[in-house]
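Data first, discussion second: the structure below is written as structure tokens.
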Amino acid sequence: MDWLERVAKLRRWTNNDVRAPHKPLLLLYALGSYQRDADGELRYSAVEEELKRLLEEYGPSHATTPAYPFHHLVSDGVWEVRTDQGLGSPGSGVRVLRSSGATGRLAPELRTALRKDPALLGRLARVLLDFHFPPSLHADLCEAV
């Protein structure tokens, strides 16, 4: 599995040639979280405000919700969501993510790859930054996540 290629090719929402960085932002945030606690999960209700702040600061000019990438990043094969009922996202609605106890974290295969090759985390972050954000934001984004 080429994780660098997979991360470079994250599917992103596009409208009139404007691309939203929802998924890359969440993945950068998840990599930062993994660096602090490799076994930890991100409970949606606990990280919602911080993710919202990141989207407001580094995301599209229109209002958006962190529920979208929390649910949809699963389809890229780098993220998993669990609820109080088990594996699988309950949907992209804010209320359902909160009420179901939704948690997300890096996909098991990606966590295994990161354990085997700790330098992979930095390379993934570099790909995310280079492919999805202007260089002027890189240092601030690294600090924020």
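Going through the structure tokens in order, the chains are called A, B, and so on, while each chain numbers its residues from 1 and the ligands are numbered from 1 in the order shown.
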
(message) List the spatial neighbours of Leu87 in chain A as an MDAnalysis selection string - criterion: any atom at most 12 Å away, only C-alpha atoms, same-chain residues fewer than 2 positions off excluded.
(response) chainID A and resid 74 79:85 89:90 100:105 107

Can I get the selected residues back with N, CA and C atoms, as a PDB file, in the first residue's frame?
```pdb
ATOM      1  N   VAL A  74     -13.620   8.297   5.638  1.00  0.00           N
ATOM      2  CA  VAL A  74     -13.615   6.827   5.649  1.00  0.00           C
ATOM      3  C   VAL A  74     -13.481   6.282   4.227  1.00  0.00           C
ATOM      4  N   TRP A  79      -9.113   6.332   7.333  1.00  0.00           N
ATOM      5  CA  TRP A  79      -9.823   6.764   8.533  1.00  0.00           C
ATOM      6  C   TRP A  79     -10.913   5.759   8.854  1.00  0.00           C
ATOM      7  N   GLU A  80     -11.181   5.563  10.120  1.00  0.00           N
ATOM      8  CA  GLU A  80     -12.301   4.715  10.518  1.00  0.00           C
ATOM      9  C   GLU A  80     -13.136   5.452  11.549  1.00  0.00           C
ATOM     10  N   VAL A  81     -14.418   5.153  11.565  1.00  0.00           N
ATOM     11  CA  VAL A  81     -15.346   5.738  12.535  1.00  0.00           C
ATOM     12  C   VAL A  81     -16.059   4.599  13.241  1.00  0.00           C
ATOM     13  N   ARG A  82     -16.194   4.760  14.544  1.00  0.00           N
ATOM     14  CA  ARG A  82     -16.950   3.821  15.379  1.00  0.00           C
ATOM     15  C   ARG A  82     -17.978   4.622  16.161  1.00  0.00           C
ATOM     16  N   THR A  83     -19.054   3.950  16.521  1.00  0.00           N
ATOM     17  CA  THR A  83     -20.058   4.551  17.393  1.00  0.00           C
ATOM     18  C   THR A  83     -20.207   3.649  18.610  1.00  0.00           C
ATOM     19  N   ASP A  84     -21.113   4.011  19.493  1.00  0.00           N
ATOM     20  CA  ASP A  84     -21.392   3.169  20.653  1.00  0.00           C
ATOM     21  C   ASP A  84     -21.912   1.794  20.215  1.00  0.00           C
ATOM     22  N   GLN A  85     -22.428   1.687  18.977  1.00  0.00           N
ATOM     23  CA  GLN A  85     -22.956   0.429  18.461  1.00  0.00           C
ATOM     24  C   GLN A  85     -21.919  -0.388  17.696  1.00  0.00           C
ATOM     25  N   SER A  89     -19.613   4.600  10.383  1.00  0.00           N
ATOM     26  CA  SER A  89     -20.104   5.947  10.637  1.00  0.00           C
ATOM     27  C   SER A  89     -21.626   5.979  10.585  1.00  0.00           C
ATOM     28  N   PRO A  90     -22.256   6.749  11.475  1.00  0.00           N
ATOM     29  CA  PRO A  90     -23.710   6.853  11.453  1.00  0.00           C
ATOM     30  C   PRO A  90     -24.218   7.840  10.409  1.00  0.00           C
ATOM     31  N   SER A 100     -24.435   9.454  18.776  1.00  0.00           N
ATOM     32  CA  SER A 100     -24.034   8.051  18.640  1.00  0.00           C
ATOM     33  C   SER A 100     -22.699   7.759  19.323  1.00  0.00           C
ATOM     34  N   GLY A 101     -22.069   8.808  19.874  1.00  0.00           N
ATOM     35  CA  GLY A 101     -20.764   8.610  20.501  1.00  0.00           C
ATOM     36  C   GLY A 101     -19.672   8.343  19.477  1.00  0.00           C
ATOM     37  N   ALA A 102     -19.817   8.900  18.280  1.00  0.00           N
ATOM     38  CA  ALA A 102     -18.877   8.636  17.195  1.00  0.00           C
ATOM     39  C   ALA A 102     -17.450   9.029  17.575  1.00  0.00           C
ATOM     40  N   THR A 103     -16.525   8.121  17.270  1.00  0.00           N
ATOM     41  CA  THR A 103     -15.097   8.376  17.418  1.00  0.00           C
ATOM     42  C   THR A 103     -14.426   8.030  16.100  1.00  0.00           C
ATOM     43  N   GLY A 104     -13.353   8.723  15.807  1.00  0.00           N
ATOM     44  CA  GLY A 104     -12.614   8.435  14.593  1.00  0.00           C
ATOM     45  C   GLY A 104     -11.137   8.321  14.901  1.00  0.00           C
ATOM     46  N   ARG A 105     -10.442   7.610  14.034  1.00  0.00           N
ATOM     47  CA  ARG A 105      -8.988   7.523  14.122  1.00  0.00           C
ATOM     48  C   ARG A 105      -8.462   6.975  12.805  1.00  0.00           C
ATOM     49  N   ALA A 107      -7.015   4.644  10.016  1.00  0.00           N
ATOM     50  CA  ALA A 107      -7.358   3.262   9.683  1.00  0.00           C
ATOM     51  C   ALA A 107      -6.319   2.311  10.276  1.00  0.00           C
TER      52      ALA A 107
END
```

(request) Might you pull out every residue within 6 Å of Pro69 in chain A, with only C-alpha atoms counted and same-chain residues fewer than 4 positions away left off, and present them as a PyMOL selection string? (result) chain A and resi 22-23+73

(message) Env of range 131-143 of chain A: 9 Å cut, atoms = only C-alpha atoms, seq-sep filter 6 positions within chain, self excluded. Answer as a ChimeraX atom specification.
(response) /A:8-9,19-21,24-25,28-29,32,54,58,125

(message) Between A:Asp37, A:Leu106, A:Tyr68, A:Glu5, which residue has the minimum interatomic distance to Leu55 in chain A, considering only C-alpha atoms?
(response)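 When distances to Leu55 in chain A are compared using only C-alpha atoms, the smallest one comes from A:Tyr68.
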
(request) Write out as an MDAnalysis selection string which residues come within 12 Å of Ser33 in chain A when counting only C-alpha atoms, dropping same-chain ones fewer than 2 positions away. (result) chainID A and resid 26:31 35:43 47 104:106 111 121 142 144:145

(message) Excluding Lys52 in chain A and its own-chain neighbours fewer than 5 positions away, which residues fall within 8 Å of it when counting only C-alpha atoms? Please give them as a ChimeraX atom specification.
(response) /A:64-66

Could the residues in this selection be saved with all heavy atoms as a short mmCIF file (atom, residue, chain, number, x, y, z; two decimals), in the first residue's frame?
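And here is the file that came out, result_2.cif:
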```
data_model
loop_
_atom_site.label_atom_id
_atom_site.label_comp_id
_atom_site.auth_asym_id
_atom_site.auth_seq_id
_atom_site.Cartn_x
_atom_site.Cartn_y
_atom_site.Cartn_z
N THR A 64 -18.94 25.89 7.11
CA THR A 64 -18.91 24.44 6.92
C THR A 64 -18.84 23.74 8.26
O THR A 64 -18.63 24.39 9.28
CB THR A 64 -17.72 24.06 6.01
OG1 THR A 64 -17.84 22.68 5.67
CG2 THR A 64 -16.40 24.33 6.67
N THR A 65 -19.00 22.44 8.25
CA THR A 65 -19.03 21.68 9.48
C THR A 65 -17.97 20.59 9.46
O THR A 65 -17.72 20.00 8.41
CB THR A 65 -20.42 21.04 9.70
OG1 THR A 65 -20.34 20.14 10.81
CG2 THR A 65 -20.88 20.28 8.49
N PRO A 66 -17.37 20.29 10.60
CA PRO A 66 -16.40 19.19 10.65
C PRO A 66 -17.05 17.82 10.54
O PRO A 66 -16.36 16.81 10.38
CB PRO A 66 -15.71 19.37 12.00
CG PRO A 66 -16.63 20.19 12.81
CD PRO A 66 -17.44 21.03 11.86
#
```

9 Å contact set for Trp3 in chain A, only C-alpha atoms, chain neighbours under 5 positions out, as an mmCIF file with all heavy atoms, in the first residue's frame:
```
data_model
loop_
_atom_site.group_PDB
_atom_site.id
_atom_site.type_symbol
_atom_site.label_atom_id
_atom_site.label_comp_id
_atom_site.auth_asym_id
_atom_site.auth_seq_id
_atom_site.Cartn_x
_atom_site.Cartn_y
_atom_site.Cartn_z
ATOM 1 N N ALA A 8 -2.057 11.751 -1.124
ATOM 2 C CA ALA A 8 -1.975 12.786 -2.161
ATOM 3 C C ALA A 8 -3.257 12.843 -2.987
ATOM 4 O O ALA A 8 -3.632 13.899 -3.494
ATOM 5 C CB ALA A 8 -0.783 12.527 -3.070
ATOM 6 N N VAL A 78 -8.261 5.867 4.798
ATOM 7 C CA VAL A 78 -7.240 6.287 5.762
ATOM 8 C C VAL A 78 -7.814 6.533 7.154
ATOM 9 O O VAL A 78 -7.090 6.884 8.078
ATOM 10 C CB VAL A 78 -6.495 7.559 5.284
ATOM 11 C CG1 VAL A 78 -5.728 7.295 3.997
ATOM 12 C CG2 VAL A 78 -7.460 8.733 5.114
ATOM 13 N N LEU A 110 -3.107 1.849 8.336
ATOM 14 C CA LEU A 110 -2.241 3.027 8.379
ATOM 15 C C LEU A 110 -1.525 3.116 9.722
ATOM 16 O O LEU A 110 -0.336 3.420 9.782
ATOM 17 C CB LEU A 110 -3.055 4.300 8.107
ATOM 18 C CG LEU A 110 -2.296 5.620 8.149
ATOM 19 C CD1 LEU A 110 -1.039 5.602 7.280
ATOM 20 C CD2 LEU A 110 -3.208 6.770 7.753
ATOM 21 N N ALA A 113 1.321 0.712 9.582
ATOM 22 C CA ALA A 113 2.412 1.251 8.760
ATOM 23 C C ALA A 113 3.196 2.318 9.518
ATOM 24 O O ALA A 113 4.431 2.369 9.427
ATOM 25 C CB ALA A 113 1.849 1.816 7.453
ATOM 26 N N LEU A 120 7.240 7.790 8.445
ATOM 27 C CA LEU A 120 6.116 7.927 7.522
ATOM 28 C C LEU A 120 5.199 9.077 7.928
ATOM 29 O O LEU A 120 4.655 9.769 7.067
ATOM 30 C CB LEU A 120 5.328 6.608 7.448
ATOM 31 C CG LEU A 120 4.087 6.585 6.561
ATOM 32 C CD1 LEU A 120 4.435 6.892 5.105
ATOM 33 C CD2 LEU A 120 3.402 5.220 6.675
ATOM 34 N N LEU A 124 3.865 11.855 5.346
ATOM 35 C CA LEU A 124 2.437 12.040 5.068
ATOM 36 C C LEU A 124 2.018 13.494 5.304
ATOM 37 O O LEU A 124 1.274 14.074 4.498
ATOM 38 C CB LEU A 124 1.597 11.111 5.943
ATOM 39 C CG LEU A 124 1.671 9.627 5.618
ATOM 40 C CD1 LEU A 124 0.950 8.814 6.690
ATOM 41 C CD2 LEU A 124 1.104 9.332 4.248
#
```

(request) Once DSSP has gone over the backbone, tell me which residues of range 14-89 of chain A are in strand (DSSP E), as a VMD selection string. (result) chain A and resid 14 to 15 18 to 19 42 to 43 79 to 83 86 to 87

(request) Would you mind reading off the distance between CA of Glu109 in chain A and CA of Leu4 in chain A, one decimal, in Å? (result) 13.3 Å

(request) Figure out the distance between CA of Lys116 in chain A and CA of Arg6 in chain A, please, to one decimal in Å. (result)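 Computing it gives 17.7 Å between the two atoms.
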
(request) Report as a ChimeraX atom specification: the residues of range 7-143 of chain A with a DSSP assignment of helix (DSSP H, G or I), based on the backbone of this structure. (result) /A:7-8,22-36,44-58,67-76,94-99,108-116,120-132,135-143

Using the selection just defined, write its residues with C-alpha atoms as a PDB file, in the first residue's frame.
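Ended up saving to out_18.pdb:
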```
ATOM      1  CA  VAL A   7      -2.979  10.717   0.864  1.00  0.00           C
ATOM      2  CA  ALA A   8      -1.975  12.786  -2.161  1.00  0.00           C
ATOM      3  CA  HIS A  22     -11.946  19.468   4.831  1.00  0.00           C
ATOM      4  CA  LYS A  23     -10.413  15.999   4.579  1.00  0.00           C
ATOM      5  CA  PRO A  24      -6.743  17.071   4.464  1.00  0.00           C
ATOM      6  CA  LEU A  25      -7.306  19.225   7.555  1.00  0.00           C
ATOM      7  CA  LEU A  26      -8.889  16.370   9.476  1.00  0.00           C
ATOM      8  CA  LEU A  27      -6.130  13.996   8.408  1.00  0.00           C
ATOM      9  CA  LEU A  28      -3.431  16.463   9.510  1.00  0.00           C
ATOM     10  CA  TYR A  29      -5.249  16.810  12.831  1.00  0.00           C
ATOM     11  CA  ALA A  30      -5.454  13.010  13.163  1.00  0.00           C
ATOM     12  CA  LEU A  31      -1.730  12.633  12.437  1.00  0.00           C
ATOM     13  CA  GLY A  32      -0.965  15.184  15.143  1.00  0.00           C
ATOM     14  CA  SER A  33      -3.215  13.286  17.526  1.00  0.00           C
ATOM     15  CA  TYR A  34      -1.557   9.988  16.588  1.00  0.00           C
ATOM     16  CA  GLN A  35       1.833  11.529  17.324  1.00  0.00           C
ATOM     17  CA  ARG A  36       0.664  12.362  20.857  1.00  0.00           C
ATOM     18  CA  TYR A  44     -16.453  13.803  17.588  1.00  0.00           C
ATOM     19  CA  SER A  45     -18.171  15.721  20.377  1.00  0.00           C
ATOM     20  CA  ALA A  46     -14.794  16.429  22.033  1.00  0.00           C
ATOM     21  CA  VAL A  47     -12.931  17.640  18.924  1.00  0.00           C
ATOM     22  CA  GLU A  48     -15.804  19.285  17.045  1.00  0.00           C
ATOM     23  CA  GLU A  49     -15.030  22.830  18.191  1.00  0.00           C
ATOM     24  CA  GLU A  50     -11.315  22.546  17.484  1.00  0.00           C
ATOM     25  CA  LEU A  51     -11.982  21.087  14.036  1.00  0.00           C
ATOM     26  CA  LYS A  52     -14.523  23.852  13.391  1.00  0.00           C
ATOM     27  CA  ARG A  53     -11.893  26.448  14.296  1.00  0.00           C
ATOM     28  CA  LEU A  54      -9.405  24.851  11.889  1.00  0.00           C
ATOM     29  CA  LEU A  55     -11.992  24.876   9.098  1.00  0.00           C
ATOM     30  CA  GLU A  56     -12.818  28.526   9.768  1.00  0.00           C
ATOM     31  CA  GLU A  57      -9.161  29.489   9.714  1.00  0.00           C
ATOM     32  CA  TYR A  58      -7.835  27.281   6.894  1.00  0.00           C
ATOM     33  CA  ALA A  67     -19.049  16.460  10.454  1.00  0.00           C
ATOM     34  CA  TYR A  68     -18.528  16.245   6.707  1.00  0.00           C
ATOM     35  CA  PRO A  69     -14.883  15.086   6.725  1.00  0.00           C
ATOM     36  CA  PHE A  70     -15.361  13.077   9.924  1.00  0.00           C
ATOM     37  CA  HIS A  71     -17.828  10.865   8.049  1.00  0.00           C
ATOM     38  CA  HIS A  72     -16.533  11.026   4.459  1.00  0.00           C
ATOM     39  CA  LEU A  73     -12.795  10.514   5.082  1.00  0.00           C
ATOM     40  CA  VAL A  74     -13.615   6.827   5.649  1.00  0.00           C
ATOM     41  CA  SER A  75     -14.173   6.422   1.899  1.00  0.00           C
ATOM     42  CA  ASP A  76     -10.512   7.297   1.232  1.00  0.00           C
ATOM     43  CA  VAL A  94     -23.678  16.779  13.436  1.00  0.00           C
ATOM     44  CA  ARG A  95     -26.447  15.563  15.745  1.00  0.00           C
ATOM     45  CA  VAL A  96     -26.096  11.901  14.819  1.00  0.00           C
ATOM     46  CA  LEU A  97     -22.308  11.995  15.233  1.00  0.00           C
ATOM     47  CA  ARG A  98     -22.725  13.534  18.671  1.00  0.00           C
ATOM     48  CA  SER A  99     -25.567  11.300  19.876  1.00  0.00           C
ATOM     49  CA  PRO A 108      -5.801   0.153  11.291  1.00  0.00           C
ATOM     50  CA  GLU A 109      -3.548  -0.535   8.290  1.00  0.00           C
ATOM     51  CA  LEU A 110      -2.241   3.027   8.379  1.00  0.00           C
ATOM     52  CA  ARG A 111      -1.569   2.816  12.118  1.00  0.00           C
ATOM     53  CA  THR A 112       0.373  -0.410  11.504  1.00  0.00           C
ATOM     54  CA  ALA A 113       2.412   1.251   8.760  1.00  0.00           C
ATOM     55  CA  LEU A 114       3.179   4.203  11.060  1.00  0.00           C
ATOM     56  CA  ARG A 115       4.340   1.856  13.828  1.00  0.00           C
ATOM     57  CA  LYS A 116       6.640   0.018  11.399  1.00  0.00           C
ATOM     58  CA  LEU A 120       6.116   7.927   7.522  1.00  0.00           C
ATOM     59  CA  LEU A 121       4.133  10.374   9.678  1.00  0.00           C
ATOM     60  CA  GLY A 122       6.327  13.301   8.644  1.00  0.00           C
ATOM     61  CA  ARG A 123       6.241  12.282   4.995  1.00  0.00           C
ATOM     62  CA  LEU A 124       2.437  12.040   5.068  1.00  0.00           C
ATOM     63  CA  ALA A 125       2.161  15.463   6.680  1.00  0.00           C
ATOM     64  CA  ARG A 126       4.480  16.904   4.015  1.00  0.00           C
ATOM     65  CA  VAL A 127       2.342  15.417   1.211  1.00  0.00           C
ATOM     66  CA  LEU A 128      -0.837  16.807   2.773  1.00  0.00           C
ATOM     67  CA  LEU A 129       0.690  20.244   3.139  1.00  0.00           C
ATOM     68  CA  ASP A 130       2.272  20.329  -0.330  1.00  0.00           C
ATOM     69  CA  PHE A 131      -0.748  18.989  -2.221  1.00  0.00           C
ATOM     70  CA  HIS A 132      -3.530  20.789  -0.393  1.00  0.00           C
ATOM     71  CA  PRO A 135       3.349  27.114   1.486  1.00  0.00           C
ATOM     72  CA  SER A 136       2.545  30.295   3.411  1.00  0.00           C
ATOM     73  CA  LEU A 137       0.210  28.245   5.681  1.00  0.00           C
ATOM     74  CA  HIS A 138       2.456  25.237   6.336  1.00  0.00           C
ATOM     75  CA  ALA A 139       4.155  26.394   9.554  1.00  0.00           C
ATOM     76  CA  ASP A 140       0.919  27.717  11.057  1.00  0.00           C
ATOM     77  CA  LEU A 141      -0.969  24.535  10.172  1.00  0.00           C
ATOM     78  CA  CYS A 142       1.697  22.316  11.725  1.00  0.00           C
ATOM     79  CA  GLU A 143       1.505  24.366  14.898  1.00  0.00           C
TER      80      GLU A 143
END
```
